[in-house]
4 protein chains.
Amino acid sequence: MYQPLISQLAHIELLTPRPAESVEFFTDVFGLERASEEGNSAFLRCWGDYFHHSLQITEAERPALGHIGWRSAGPDQLQIAVERLEASGLGEGWREPVQGHGAAYRYKGPSGHQHEIFWDVDRYEAPPELRSTFPTRPQRISNRSAAPRQLDHVTVASADPLGDSHWYRDTLGYRHTEYTVVADAPDVCFFSMVSTNEKSHDLGLSLDNSDVAGRLHHFAFWVDSVEDVLRVADVLLESGHAIEYGPGRHGHGEQTYLYFREPGGIRVEVNSGGYRIYQPDWEAVRWFPEQGSNTMYRNTRMPDSMMEAFPLDDGSVVAPEPELAGLANPWGEEGSG
Amino acid sequence: MYQPLISQLAHIELLTPRPAESVEFFTDVFGLERASEEGNSAFLRCWGDYFHHSLQITEAERPALGHIGWRSAGPDQLQIAVERLEASGLGEGWREPVQGHGAAYRYKGPSGHQHEIFWDVDRYEAPPELRSTFPTRPQRISNRSAAPRQLDHVTVASADPLGDSHWYRDTLGYRHTEYTVVADAPDVCFFSMVSTNEKSHDLGLSLDNSDVAGRLHHFAFWVDSVEDVLRVADVLLESGHAIEYGPGRHGHGEQTYLYFREPGGIRVEVNSGGYRIYQPDWEAVRWFPEQGSNTMYRNTRMPDSMMEAFPLDDGSVVAPEPELAGLANPWGEEGSG
Amino acid sequence: MYQPLISQLAHIELLTPRPAESVEFFTDVFGLERASEEGNSAFLRCWGDYFHHSLQITEAERPALGHIGWRSAGPDQLQIAVERLEASGLGEGWREPVQGHGAAYRYKGPSGHQHEIFWDVDRYEAPPELRSTFPTRPQRISNRSAAPRQLDHVTVASADPLGDSHWYRDTLGYRHTEYTVVADAPDVCFFSMVSTNEKSHDLGLSLDNSDVAGRLHHFAFWVDSVEDVLRVADVLLESGHAIEYGPGRHGHGEQTYLYFREPGGIRVEVNSGGYRIYQPDWEAVRWFPEQGSNTMYRNTRMPDSMMEAFPLDDGSVVAPEPELAGLANPWGEEGSG
Amino acid sequence: MYQPLISQLAHIELLTPRPAESVEFFTDVFGLERASEEGNSAFLRCWGDYFHHSLQITEAERPALGHIGWRSAGPDQLQIAVERLEASGLGEGWREPVQGHGAAYRYKGPSGHQHEIFWDVDRYEAPPELRSTFPTRPQRISNRSAAPRQLDHVTVASADPLGDSHWYRDTLGYRHTEYTVVADAPDVCFFSMVSTNEKSHDLGLSLDNSDVAGRLHHFAFWVDSVEDVLRVADVLLESGHAIEYGPGRHGHGEQTYLYFREPGGIRVEVNSGGYRIYQPDWEAVRWFPEQGSNTMYRNTRMPDSMMEAFPLDDGSVVAPEPELAGLANPWGEEGSG
């Protein structure tokens with residue numbers, strides 16, 4: 001019997017060597033709200049997030065993933081998940097309730113990423129000046145133009161995207177939705193996605209041949225429309241921030257994407273749209289890159305910078321602004337033909 | 001332990017006194033595809049529907065709901081659902097496998113609506129000329145401009161929207177998401193919504209003070225964007241079809257809506273957008289109309305025709321085209337002031 | 001020989017009994033920028049306006065139009081315009097250069113509206129912190145979500161919309177684009193539009209049977225997309241401001257509209273989209289209301305409040321918030337049928 | 001005195017070695033309407049074009065530009081234009097009235113492109129089955145999803161984009177709006193745009209170092225929204241047609257673009273959006289590529305195929321489908337880092 005154990009992605013902890021700049025960027029430019037601060041962490045939230053926070057920013061030596069927080073599908077499902085995690089050998093034990101949620105069970109994913117799962121959660125109560133006039137909203141809509149509605153997904157670097165996908169599916173009840181293999185080496189899976197909801201993924205896995213465990217590729221926020229994605233891009237550019245990749249549309253999930261870097265160097269995505277999967281027995285769909293798995297329009301390559309995951313495998317602190325490729329002469333090396 | 005028993009709304013059967021016109025409208029104007037025909041029924045589908053069909057059109061004396069088909073969340077969940085339905089006294093028994101799906105258990109909802117639930121389902125296999133170049137799509141995108149992507153929800157007339165919502169929640173594991181009560185009579189619930197997915201509803205319940213059981217208010221198809229909703233409206237108008245209500249946005253679910261009538265007289269909706277609910281323990285949100293539950297912009301009333309449900313309570317066959325209210329002088333009875 | 005004498009609508013002067021609130025609304029909520037202040041006027045601008053300002057807000061006893069500023073199509077065209085205005089008997093003479101533009105010739109329109117026309121204009125130079133990274137923009141895009149791009153049009157109350165349209169066409173070279181007449185009294189024109197550009201209008205004329213001359217119906221700002229119109233509506237609602245009418249789409253010009261009131265009581269529109277007219281010999285198109293001239297979707301009436309023009313004909317100061325009609329029971333007086 | 005002599009781009013004649021396939025593509029896939037046929041030409045139109053046709057498709061040995069048709073701003077302006085063209089030495093003389101318009105004066109642009117200018121024009125009268133319910137539309141909206149609204153602009157290859165722009169400005173009254181020069185060689189202009197309307201261009205000029213005169217780079221159709229551009233891309237892909245470049249947004253004009261090839265090999269664009277220029281004395285804006293003149297998002301290079309103009313300089317017939325660059329391994333030559 002198919003049994004989803006997780007109800008949603010709840011939050012991400014981001015490690016940054018530039019905490020003040022990161023927090024300032026996410027609040028002043030990107031339009032998140034400050035929920036609270038504690039120790040060397042700031043807790044931020046989108047206007048549409050229902051819980052206390054969705055982004056924890058923590059000072060660290062290098063840009064990296066702190067941890068990923070998942071809410072279970074219920075108290076019983078939390079117990080089942082813990083049992084399975086302990087059986088898997090990747091469980092790490094319980095942590096005391098903290099800012100924003102109750103006791104959480106910590107575990108590592110198969111490629112070394114730090115996760116936690118919990119059931120009890122602090123719902124956000126907006127102060128009067130941020131209260132929405134609509135009773136369904138946790139907070140009034142942001143009046144800043146790049147403000148995303150909610151946290152959407154996280155994509156991690158993985159030594160074995162397909163194998164890891166099976167682990168998440170079998171251990172925690174994610175659905176395996178889509179993956180890409182090389183046409184002439186169909187055993188090599190470059191990218192795979194698993195999901196706890198109707199969207200194509202809230203957890204992505206990108207092939208990583210480095211020796212560094214637990215690396216982060218990017219995490220993503222949701223906006224309501226394609227026009228909103230384009231507005232974010234415009235506001236970022238006008239604020240002096242480079243766009244690493246996009247706006248464009250992935251074949252995977254049919255999602256409109258926009259990638260950029262926050263001041264600590266980590267890649268952030270804004271996305272919208274996508275098809276929906278309501279079938280518990282959905283069979284994972286295999287793509288070849290030629291079909292447009294990454295670029296639905298089948299006419300561009302990702303920039304090389306998109307291969308970087310965090311922390312970098314040489315241990316260096318990554319520069320926050322990606323190199324922009326070849327714009328000096330967009331008409332080609334030799335000009336017109 | 002919270003246990004969803006239904007994975008999705010699978011299909012609607014529509015009864016129409018004008019079957020040829022209804023089928024022609026849904027295919028030629030609205031852009032659905034013909035899947036098959038059998039007896040006095042035609043089976044239609046959207047390009048993005050994964051199953052054999054999502055709309056069955058059956059000849060009948062009066063416009064009405066035939067039945068609503070739900071897919072269970074798994075074979076075990078089907079069994080649990082059947083046990084609960086039998087215990088409820090509203091179960092009716094199993095039916096042989098038919099066009100599009102396996103054996104289905106038939107039951108009545110508490111306001112007399114015919115439902116069925118099944119697990120085995122026929123997935124659609126597109127013929128070569130309709131095959132998509134994207135492996136995730138069941139069929140290539142329609143090249144007709146009003147073609148919706150998939151079936152979205154159904155709204156029925158109910159003698160007790162709140163009580164019925166609790167029945168669907170307690171018997172079949174729907175989440176109760178939102179409802180509206182009258183400000184000065186908060187016991188009177190006008191509208192309520194339950195959901196099997198992340199959207200605010202796939203089953204709506206609208207207060208009905210008539211003595212007719214099992215009436216249908218409308219059913220809805222999904223398009224990918226607000227712009228698509230507007231395009232559908234334009235194509236309908238240019239095809240000589242009236243728009244009953246909208247385009248607009250409900251406070252409920254934040255969904256963009258457009259209502260019109262098919263040739264048999266039944267109300268059809270096209271919708272898009274909306275916020276998402278991922279919390280298993282979501283508490284149903286109570287609205288007052290003044291907050292914009294129906295009209296998010298809080299500045300228009302629904303036309304009276306929107307109160308009609310099918311079949312009409314006087315037993316008449318409804319005219320397919322609603323009266324358009326007051327357009328002869330949109331500047332008011334007395335002109336400018 | 002067809003000769004356009006005006007190149008664009010340049011600015012509007014708004015009179016308001018609540019200048020501080022009006023300025024605060026237009027800047028803090030609506031997202032305009034302050035350009036300067038002088039005497040009892042504040043000069044505001046949109047981020048995409050190329051000139052010094054597009055909105056002058058001046059303290060006055062009652063909400064009303066101050067004046068409308070047009071830029072001529074060139075210095076010679078200014079001279080031709082002045083000659084024609086003087087010949088028309090509605091010319092009033094030259095004024096010294098002021099804040100934002102050079103010497104302007106003042107005149108009254110045939111229904112008593114104060115206009116001025118000038119050629120020399122002060123182009124806006126953004127300070128470093130507001131400078132765009134795109135060389136075509138006068139200022140970086142606003143990071144506030146309701147910030148319109150530019151001033152779009154003004155609609156005035158007129159005793160004779162058709163006759164006035166002909167006057168603007170014959171005297172100043174506007175194109176007469178569209179108008180609406182009553183079906184059973186085709187001599188009665190309710191609404192008419194003239195244009196100096198490719199859009200259906202930058203000057204609208206709405207029938208006014210009062211004895212008050214020079215009244216203003218509304219003025220409008222432009223946003224880039226329908227989604228932007230919807231975002232403005234959402235931000236206004238969440239800021240506690242009522243939407244008077246819309247969002248919707250006019251048949252006239254196919255423009256998406258949204259109407260609300262500023263704190264002084266004057267109606268403001270945000271619009272986007274629309275078809276384009278590039279024909280110098282375009283023949284004005286006659287509409288009947290039934291065709292959807294006002295409401296393209298042909299299914300709603302304007303609220304009665306939309307008939308108000310400013311100042312009110314009883315001399316009173318209008319309440320800034322229009323009454324919301326009938327929301328207490330959006331399901332009709334008698335509930336469900 | 002500034003005097004525009006041209007009111008709009010009226011039509012393009014396309015030469016194609018595959019006329020049947022080109023016509024079938026433009027009608028069945030792209031959604032244009034057939035207006036008429038004559039000799040070895042088919043005349044097509046968009047649903048929103050006001051004149052008889054906007055695209056003439058003529059059989060020829062190689063894909064190339066036939067001619068570009070412009071409508072003057074009036075009969076007197078036609079006479080002035082002819083006088084200036086004759087004085088320029090590039091005039092060629094009058095041609096008899098043909099399908100769709102009256103007598104036209106033929107001339108070459110400075111880089112050898114065939115143009116014609118005329119005033120009298122045949123307005124389209126829709127047959128009953130294509131008549132719009134809106135009196136402002138020449139034809140009802142197309143119910144095909146990729147159907148553009150109207151012809152938008154044409155971009156030609158030029159030996160001297162800046163010099164040519166000045167010629168069009170000085171001879172025919174176009175406004176010179178924007179151009180791009182190389183940062184370290186600001187005398188080298190790669191791209192320049194002139195306009196007869198409020199948009200940034202209806203005539204583009206792209207640097208061409210070949211010896212072939214009169215080459216065509218692309219021509220473009222307009223759709224109403226960014227969502228419509230994306231829908232066209234989706235429909236093209238699903239119909240088996242490659243997207244050469246885009247969807248994306250140019251810094252130039254802020255226009256959203258999508259480029260593909262028609263069966264004869266010629267590049268076609270679909271575009272939407274953009275800022276507006278209403279200033280007769282607009283000074284042409286100079287861009288450096290680094291500012292995002294071509295790619296507003298400053299993060300991609302055009303594919304090399306975008307440098308091709310028609311006919312090819314080696315005299316060969318171009319393959320209709322551009323090579324897709326590097327998709328076999330979108331994650332880079334060496335996989336993940």
# chains A, B, ... in the order shown; residues from 1 in each chain; ligands from 1
>>> interface_residues(of="chain A", to="chain B", cutoff="7 Å", atoms="only C-alpha atoms", output="list of chain:residue names")
A:Met1, A:Tyr2, A:Ser7, A:Gln8, A:Ala73, A:Gly74, A:Asp76, A:Phe134, A:Pro135, A:Thr136, A:Tyr278, A:Gln279, A:Pro280, A:Val285, A:Trp287, A:Gln291
>>> write_last_selection(atoms="C-alpha atoms", output="CSV table (one decimal), in the first residue's frame")
chain,number,residue,atom,x,y,z
A,1,MET,CA,0.0,0.0,0.0
A,2,TYR,CA,1.4,3.3,-1.1
A,7,SER,CA,3.6,16.3,3.5
A,8,GLN,CA,5.9,19.0,2.4
A,73,ALA,CA,2.3,13.6,6.7
A,74,GLY,CA,1.2,13.1,10.3
A,76,ASP,CA,2.1,8.3,12.8
A,134,PHE,CA,-8.0,37.4,3.0
A,135,PRO,CA,-8.5,34.8,5.7
A,136,THR,CA,-6.6,32.1,3.7
A,278,TYR,CA,-2.0,13.0,-9.2
A,279,GLN,CA,-1.2,9.4,-9.8
A,280,PRO,CA,0.2,7.4,-6.8
A,285,VAL,CA,9.5,9.2,-17.0
A,287,TRP,CA,14.2,11.7,-20.8
A,291,GLN,CA,14.0,15.8,-25.9
>>> residues_around(residues="segment 104-118 of chain B", least_positions_apart="2", cutoff="6 Å", atoms="only C-alpha atoms", output="list in words")
His67, Ile68, Gly69, Trp70, Arg71, Ser72, Leu90, Gly91, Glu92, Gly93, Trp94, Arg95, Ser158, Ala213 and Gly214 of chain B
>>> write_last_selection(atoms="C-alpha atoms", output="compact mmCIF listing (two decimals), in the first residue's frame")
# COMPACT_ATOMS: atom_id res chain seq x y z
CA HIS B 67 -22.09 10.56 -12.22
CA ILE B 68 -18.71 11.64 -10.87
CA GLY B 69 -15.79 9.23 -11.08
CA TRP B 70 -12.99 9.25 -8.53
CA ARG B 71 -9.82 7.22 -8.52
CA SER B 72 -8.81 5.81 -5.17
CA LEU B 90 -24.98 5.31 1.04
CA GLY B 91 -23.11 2.54 -0.77
CA GLU B 92 -24.78 0.99 -3.78
CA GLY B 93 -22.52 -1.81 -4.90
CA TRP B 94 -19.97 -2.75 -7.54
CA ARG B 95 -20.25 -2.30 -11.25
CA SER B 158 -26.19 20.68 -1.59
CA ALA B 213 -31.63 15.84 -5.08
CA GLY B 214 -28.32 15.34 -6.84
>>> residues_around(residues="Ser36 of chain B", least_positions_apart="6", cutoff="9 Å", atoms="only C-alpha atoms", output="list in words")
Ala42, Phe43, Leu44, His52, His53 and Gln99 of chain B
>>> write_last_selection(atoms="N, CA and C atoms", output="PDB file, in the first residue's frame")
ATOM      1  N   ALA B  42     -20.749   9.627 -25.599  1.00  0.00           N
ATOM      2  CA  ALA B  42     -19.461   9.947 -26.227  1.00  0.00           C
ATOM      3  C   ALA B  42     -18.470  10.220 -25.103  1.00  0.00           C
ATOM      4  N   PHE B  43     -17.240   9.743 -25.287  1.00  0.00           N
ATOM      5  CA  PHE B  43     -16.202   9.891 -24.266  1.00  0.00           C
ATOM      6  C   PHE B  43     -15.153  10.863 -24.804  1.00  0.00           C
ATOM      7  N   LEU B  44     -14.958  11.962 -24.075  1.00  0.00           N
ATOM      8  CA  LEU B  44     -14.044  13.011 -24.519  1.00  0.00           C
ATOM      9  C   LEU B  44     -12.899  13.159 -23.527  1.00  0.00           C
ATOM     10  N   HIS B  52      -8.213   7.507 -19.959  1.00  0.00           N
ATOM     11  CA  HIS B  52      -8.925   7.334 -21.226  1.00  0.00           C
ATOM     12  C   HIS B  52      -9.841   8.504 -21.562  1.00  0.00           C
ATOM     13  N   HIS B  53     -10.576   8.990 -20.581  1.00  0.00           N
ATOM     14  CA  HIS B  53     -11.453  10.117 -20.827  1.00  0.00           C
ATOM     15  C   HIS B  53     -11.665  10.873 -19.520  1.00  0.00           C
ATOM     16  N   GLN B  99     -15.729   1.082 -20.132  1.00  0.00           N
ATOM     17  CA  GLN B  99     -14.876   1.939 -20.945  1.00  0.00           C
ATOM     18  C   GLN B  99     -14.005   2.830 -20.052  1.00  0.00           C
TER      19      GLN B  99
END
>>> residues_around(residues="Gly39 of chain A", least_positions_apart="2", cutoff="10 Å", atoms="only C-alpha atoms", output="compact mmCIF listing (two decimals) with N, CA and C atoms, in the first residue's frame")
# COMPACT_ATOMS: atom_id res chain seq x y z
N GLU A 37 15.63 36.09 14.72
CA GLU A 37 17.06 35.79 14.69
C GLU A 37 17.40 35.02 15.95
N SER A 41 22.09 32.68 13.36
CA SER A 41 21.12 32.42 12.28
C SER A 41 20.06 33.51 12.21
N ALA A 42 19.66 33.81 10.98
CA ALA A 42 18.46 34.63 10.75
C ALA A 42 17.42 33.73 10.10
N THR A 58 22.64 30.93 8.03
CA THR A 58 23.58 30.73 9.13
C THR A 58 24.99 31.03 8.66
N GLU A 59 25.69 31.75 9.48
CA GLU A 59 27.07 32.10 9.15
C GLU A 59 27.94 30.85 9.15
>>> select_by_dssp(residues="segment 48-226 of chain B", states="strand (DSSP E or B)", output="compact mmCIF listing (two decimals) with N, CA and C atoms, in the first residue's frame")
# COMPACT_ATOMS: atom_id res chain seq x y z
N PHE B 51 -5.82 9.74 -18.34
CA PHE B 51 -6.66 8.54 -18.45
C PHE B 51 -7.45 8.56 -19.77
N LEU B 55 -14.51 13.27 -19.67
CA LEU B 55 -15.88 13.76 -19.83
C LEU B 55 -16.69 12.76 -20.65
N GLN B 56 -17.73 12.25 -20.04
CA GLN B 56 -18.67 11.36 -20.74
C GLN B 56 -19.95 12.15 -20.99
N ILE B 57 -20.37 12.20 -22.22
CA ILE B 57 -21.60 12.94 -22.56
C ILE B 57 -22.66 11.93 -22.97
N THR B 58 -23.77 11.95 -22.24
CA THR B 58 -24.81 10.95 -22.44
C THR B 58 -26.14 11.63 -22.71
N GLU B 59 -26.84 11.12 -23.69
CA GLU B 59 -28.15 11.68 -24.04
C GLU B 59 -29.14 11.43 -22.91
N ALA B 64 -28.29 17.34 -16.69
CA ALA B 64 -28.08 16.92 -15.31
C ALA B 64 -26.72 16.25 -15.18
N LEU B 65 -26.37 15.98 -13.97
CA LEU B 65 -25.19 15.17 -13.67
C LEU B 65 -25.53 13.70 -13.89
N GLY B 66 -24.66 13.01 -14.63
CA GLY B 66 -24.77 11.55 -14.67
C GLY B 66 -24.10 11.01 -13.42
N HIS B 67 -22.80 10.96 -13.44
CA HIS B 67 -22.09 10.56 -12.22
C HIS B 67 -20.71 11.20 -12.21
N ILE B 68 -20.07 11.12 -11.05
CA ILE B 68 -18.71 11.64 -10.87
C ILE B 68 -17.81 10.46 -10.55
N GLY B 69 -16.70 10.36 -11.29
CA GLY B 69 -15.79 9.23 -11.08
C GLY B 69 -14.51 9.65 -10.38
N TRP B 70 -14.19 8.97 -9.30
CA TRP B 70 -12.99 9.25 -8.53
C TRP B 70 -12.06 8.05 -8.56
N ARG B 71 -10.78 8.32 -8.62
CA ARG B 71 -9.82 7.22 -8.52
C ARG B 71 -9.31 7.17 -7.09
N SER B 72 -9.28 5.98 -6.55
CA SER B 72 -8.81 5.81 -5.17
C SER B 72 -7.30 6.05 -5.10
N GLY B 91 -23.73 3.38 0.26
CA GLY B 91 -23.11 2.54 -0.77
C GLY B 91 -24.16 1.85 -1.61
N GLU B 92 -23.82 1.60 -2.86
CA GLU B 92 -24.78 0.99 -3.78
C GLU B 92 -24.27 -0.29 -4.42
N GLY B 93 -23.01 -0.56 -4.35
CA GLY B 93 -22.52 -1.81 -4.90
C GLY B 93 -21.59 -1.64 -6.09
N TRP B 94 -20.98 -2.74 -6.49
CA TRP B 94 -19.97 -2.75 -7.54
C TRP B 94 -20.58 -2.80 -8.92
N ARG B 95 -19.91 -2.20 -9.83
CA ARG B 95 -20.25 -2.30 -11.25
C ARG B 95 -19.10 -2.91 -12.02
N VAL B 98 -15.83 -0.88 -17.13
CA VAL B 98 -16.40 -0.26 -18.32
C VAL B 98 -15.30 0.45 -19.10
N HIS B 101 -12.03 2.26 -17.31
CA HIS B 101 -11.56 1.89 -15.97
C HIS B 101 -12.15 0.56 -15.54
N ALA B 104 -15.92 -0.51 -10.50
CA ALA B 104 -16.13 0.71 -9.73
C ALA B 104 -17.23 0.48 -8.71
N TYR B 105 -17.04 1.04 -7.54
CA TYR B 105 -18.06 0.96 -6.51
C TYR B 105 -18.91 2.23 -6.59
N ARG B 106 -20.22 2.03 -6.68
CA ARG B 106 -21.13 3.17 -6.82
C ARG B 106 -21.70 3.57 -5.46
N TYR B 107 -21.85 4.87 -5.25
CA TYR B 107 -22.44 5.36 -4.01
C TYR B 107 -23.05 6.73 -4.26
N LYS B 108 -23.92 7.11 -3.34
CA LYS B 108 -24.51 8.44 -3.39
C LYS B 108 -23.83 9.32 -2.36
N GLN B 114 -24.63 11.06 -7.62
CA GLN B 114 -24.11 9.74 -7.97
C GLN B 114 -22.59 9.82 -8.14
N HIS B 115 -21.89 8.99 -7.35
CA HIS B 115 -20.43 8.89 -7.46
C HIS B 115 -20.04 7.45 -7.76
N GLU B 116 -18.79 7.31 -8.22
CA GLU B 116 -18.19 5.97 -8.24
C GLU B 116 -16.72 6.12 -7.92
N ILE B 117 -16.15 5.07 -7.40
CA ILE B 117 -14.73 5.06 -7.07
C ILE B 117 -14.13 3.76 -7.59
N PHE B 118 -12.90 3.87 -8.12
CA PHE B 118 -12.23 2.70 -8.71
C PHE B 118 -10.73 2.91 -8.59
N VAL B 121 -7.39 1.66 -13.93
CA VAL B 121 -7.74 2.72 -14.88
C VAL B 121 -6.99 2.49 -16.19
N ARG B 123 -4.93 3.91 -19.00
CA ARG B 123 -4.18 5.10 -19.36
C ARG B 123 -4.27 5.32 -20.86
N ARG B 144 -5.60 24.05 -30.77
CA ARG B 144 -6.77 24.91 -30.72
C ARG B 144 -6.66 25.81 -29.51
N GLN B 150 -6.74 19.92 -18.63
CA GLN B 150 -7.27 18.76 -17.92
C GLN B 150 -8.53 19.12 -17.14
N LEU B 151 -9.25 18.09 -16.76
CA LEU B 151 -10.40 18.26 -15.88
C LEU B 151 -9.91 18.75 -14.52
N ASP B 152 -10.66 19.66 -13.90
CA ASP B 152 -10.18 20.22 -12.65
C ASP B 152 -11.05 19.90 -11.44
N HIS B 153 -12.32 20.26 -11.49
CA HIS B 153 -13.16 20.01 -10.33
C HIS B 153 -14.63 19.98 -10.72
N VAL B 154 -15.48 19.61 -9.76
CA VAL B 154 -16.92 19.62 -9.97
C VAL B 154 -17.55 20.26 -8.75
N THR B 155 -18.61 21.05 -8.98
CA THR B 155 -19.33 21.68 -7.87
C THR B 155 -20.79 21.27 -7.95
N VAL B 156 -21.28 20.77 -6.85
CA VAL B 156 -22.64 20.25 -6.80
C VAL B 156 -23.51 21.11 -5.89
N ALA B 157 -24.82 21.00 -6.08
CA ALA B 157 -25.78 21.67 -5.22
C ALA B 157 -26.02 20.80 -4.00
N SER B 158 -26.13 21.45 -2.84
CA SER B 158 -26.19 20.68 -1.59
C SER B 158 -27.17 21.32 -0.63
N ARG B 175 -9.89 16.68 2.40
CA ARG B 175 -9.64 17.77 3.33
C ARG B 175 -10.71 18.82 3.16
N HIS B 176 -11.22 19.34 4.28
CA HIS B 176 -12.16 20.45 4.22
C HIS B 176 -11.33 21.72 4.21
N THR B 177 -11.47 22.52 3.19
CA THR B 177 -10.51 23.62 3.00
C THR B 177 -11.07 25.00 3.33
N GLU B 178 -12.24 25.33 2.77
CA GLU B 178 -12.77 26.68 2.94
C GLU B 178 -14.30 26.63 2.89
N TYR B 179 -14.96 27.62 3.51
CA TYR B 179 -16.41 27.74 3.39
C TYR B 179 -16.84 29.17 3.68
N THR B 180 -18.04 29.52 3.23
CA THR B 180 -18.57 30.87 3.42
C THR B 180 -19.86 30.80 4.21
N VAL B 181 -19.97 31.67 5.20
CA VAL B 181 -21.22 31.79 5.96
C VAL B 181 -21.72 33.22 5.88
N VAL B 182 -23.01 33.38 6.13
CA VAL B 182 -23.60 34.72 6.13
C VAL B 182 -23.17 35.45 7.38
N ALA B 185 -25.79 35.58 10.02
CA ALA B 185 -26.37 34.27 10.34
C ALA B 185 -25.29 33.21 10.12
N PRO B 186 -24.27 33.24 10.98
CA PRO B 186 -23.09 32.41 10.73
C PRO B 186 -23.37 30.91 10.74
N ASP B 187 -24.58 30.53 11.06
CA ASP B 187 -24.91 29.11 10.94
C ASP B 187 -25.24 28.72 9.50
N VAL B 188 -25.55 29.72 8.70
CA VAL B 188 -25.94 29.42 7.32
C VAL B 188 -24.71 29.41 6.43
N CYS B 189 -24.35 28.24 5.97
CA CYS B 189 -23.20 28.10 5.09
C CYS B 189 -23.69 28.04 3.65
N PHE B 190 -23.20 28.97 2.84
CA PHE B 190 -23.63 29.06 1.44
C PHE B 190 -22.79 28.19 0.52
N PHE B 191 -21.55 28.04 0.89
CA PHE B 191 -20.64 27.40 -0.04
C PHE B 191 -19.52 26.76 0.78
N SER B 192 -19.09 25.59 0.33
CA SER B 192 -18.02 24.90 1.04
C SER B 192 -17.22 24.09 0.03
N MET B 193 -15.96 23.83 0.36
CA MET B 193 -15.09 23.14 -0.58
C MET B 193 -14.29 22.05 0.13
N VAL B 194 -14.15 20.92 -0.53
CA VAL B 194 -13.27 19.85 -0.04
C VAL B 194 -12.32 19.47 -1.17
N SER B 195 -11.21 18.85 -0.79
CA SER B 195 -10.14 18.63 -1.76
C SER B 195 -9.42 17.32 -1.52
N LEU B 203 -13.95 19.29 -5.24
CA LEU B 203 -15.39 19.11 -5.05
C LEU B 203 -15.92 20.32 -4.30
N GLY B 204 -16.82 21.05 -4.94
CA GLY B 204 -17.44 22.19 -4.30
C GLY B 204 -18.88 21.89 -3.97
N LEU B 205 -19.41 22.56 -2.94
CA LEU B 205 -20.80 22.34 -2.52
C LEU B 205 -21.48 23.68 -2.35
N SER B 206 -22.53 23.90 -3.12
CA SER B 206 -23.23 25.19 -3.15
C SER B 206 -24.64 25.00 -2.59
N LEU B 207 -25.03 25.88 -1.68
CA LEU B 207 -26.31 25.71 -1.00
C LEU B 207 -27.48 25.65 -1.98
N LEU B 216 -26.43 19.37 -10.17
CA LEU B 216 -25.08 19.80 -10.52
C LEU B 216 -25.05 21.32 -10.63
N HIS B 217 -24.01 21.94 -10.08
CA HIS B 217 -23.86 23.39 -10.27
C HIS B 217 -22.97 23.69 -11.48
N HIS B 218 -21.79 23.11 -11.53
CA HIS B 218 -20.92 23.24 -12.70
C HIS B 218 -19.77 22.26 -12.57
N PHE B 219 -19.05 22.09 -13.64
CA PHE B 219 -17.76 21.38 -13.55
C PHE B 219 -16.74 22.19 -14.31
N ALA B 220 -15.46 21.96 -14.00
CA ALA B 220 -14.42 22.90 -14.44
C ALA B 220 -13.23 22.20 -15.06
N PHE B 221 -12.67 22.89 -16.05
CA PHE B 221 -11.43 22.45 -16.68
C PHE B 221 -10.31 23.43 -16.35
N TRP B 222 -9.11 22.93 -16.42
CA TRP B 222 -7.93 23.70 -16.06
C TRP B 222 -7.16 24.18 -17.29
>>> residues_around(residues="Ile266 of chain C", least_positions_apart="3", cutoff="7 Å", atoms="only C-alpha atoms", output="list in words")
Pro63, His218, Arg261, Glu262 and Phe310 of chain C
>>> atom_distance(atom1="atom CA of Tyr245 of chain B", atom2="atom CA of Tyr259 of chain B")
5.1 Å
>>> residues_around(residues="Pro128 of chain B", least_positions_apart="5", cutoff="12 Å", atoms="only C-alpha atoms", output="list of chain:residue names")
B:Thr133, B:Pro138, B:Gln139, B:Arg140, D:Ser239
>>> select_by_dssp(residues="segment 158-273 of chain A", states="helix (DSSP H, G or I)", output="list in words")
Pro161, Leu162, Gly163, Asp164, Ser165, His166, Trp167, Tyr168, Arg169, Asp170, Thr171, Leu172, Val226, Glu227, Asp228, Val229, Leu230, Arg231, Val232, Ala233, Asp234, Val235, Leu236, Leu237, Glu238, His252, Gly253 and Glu254 of chain A
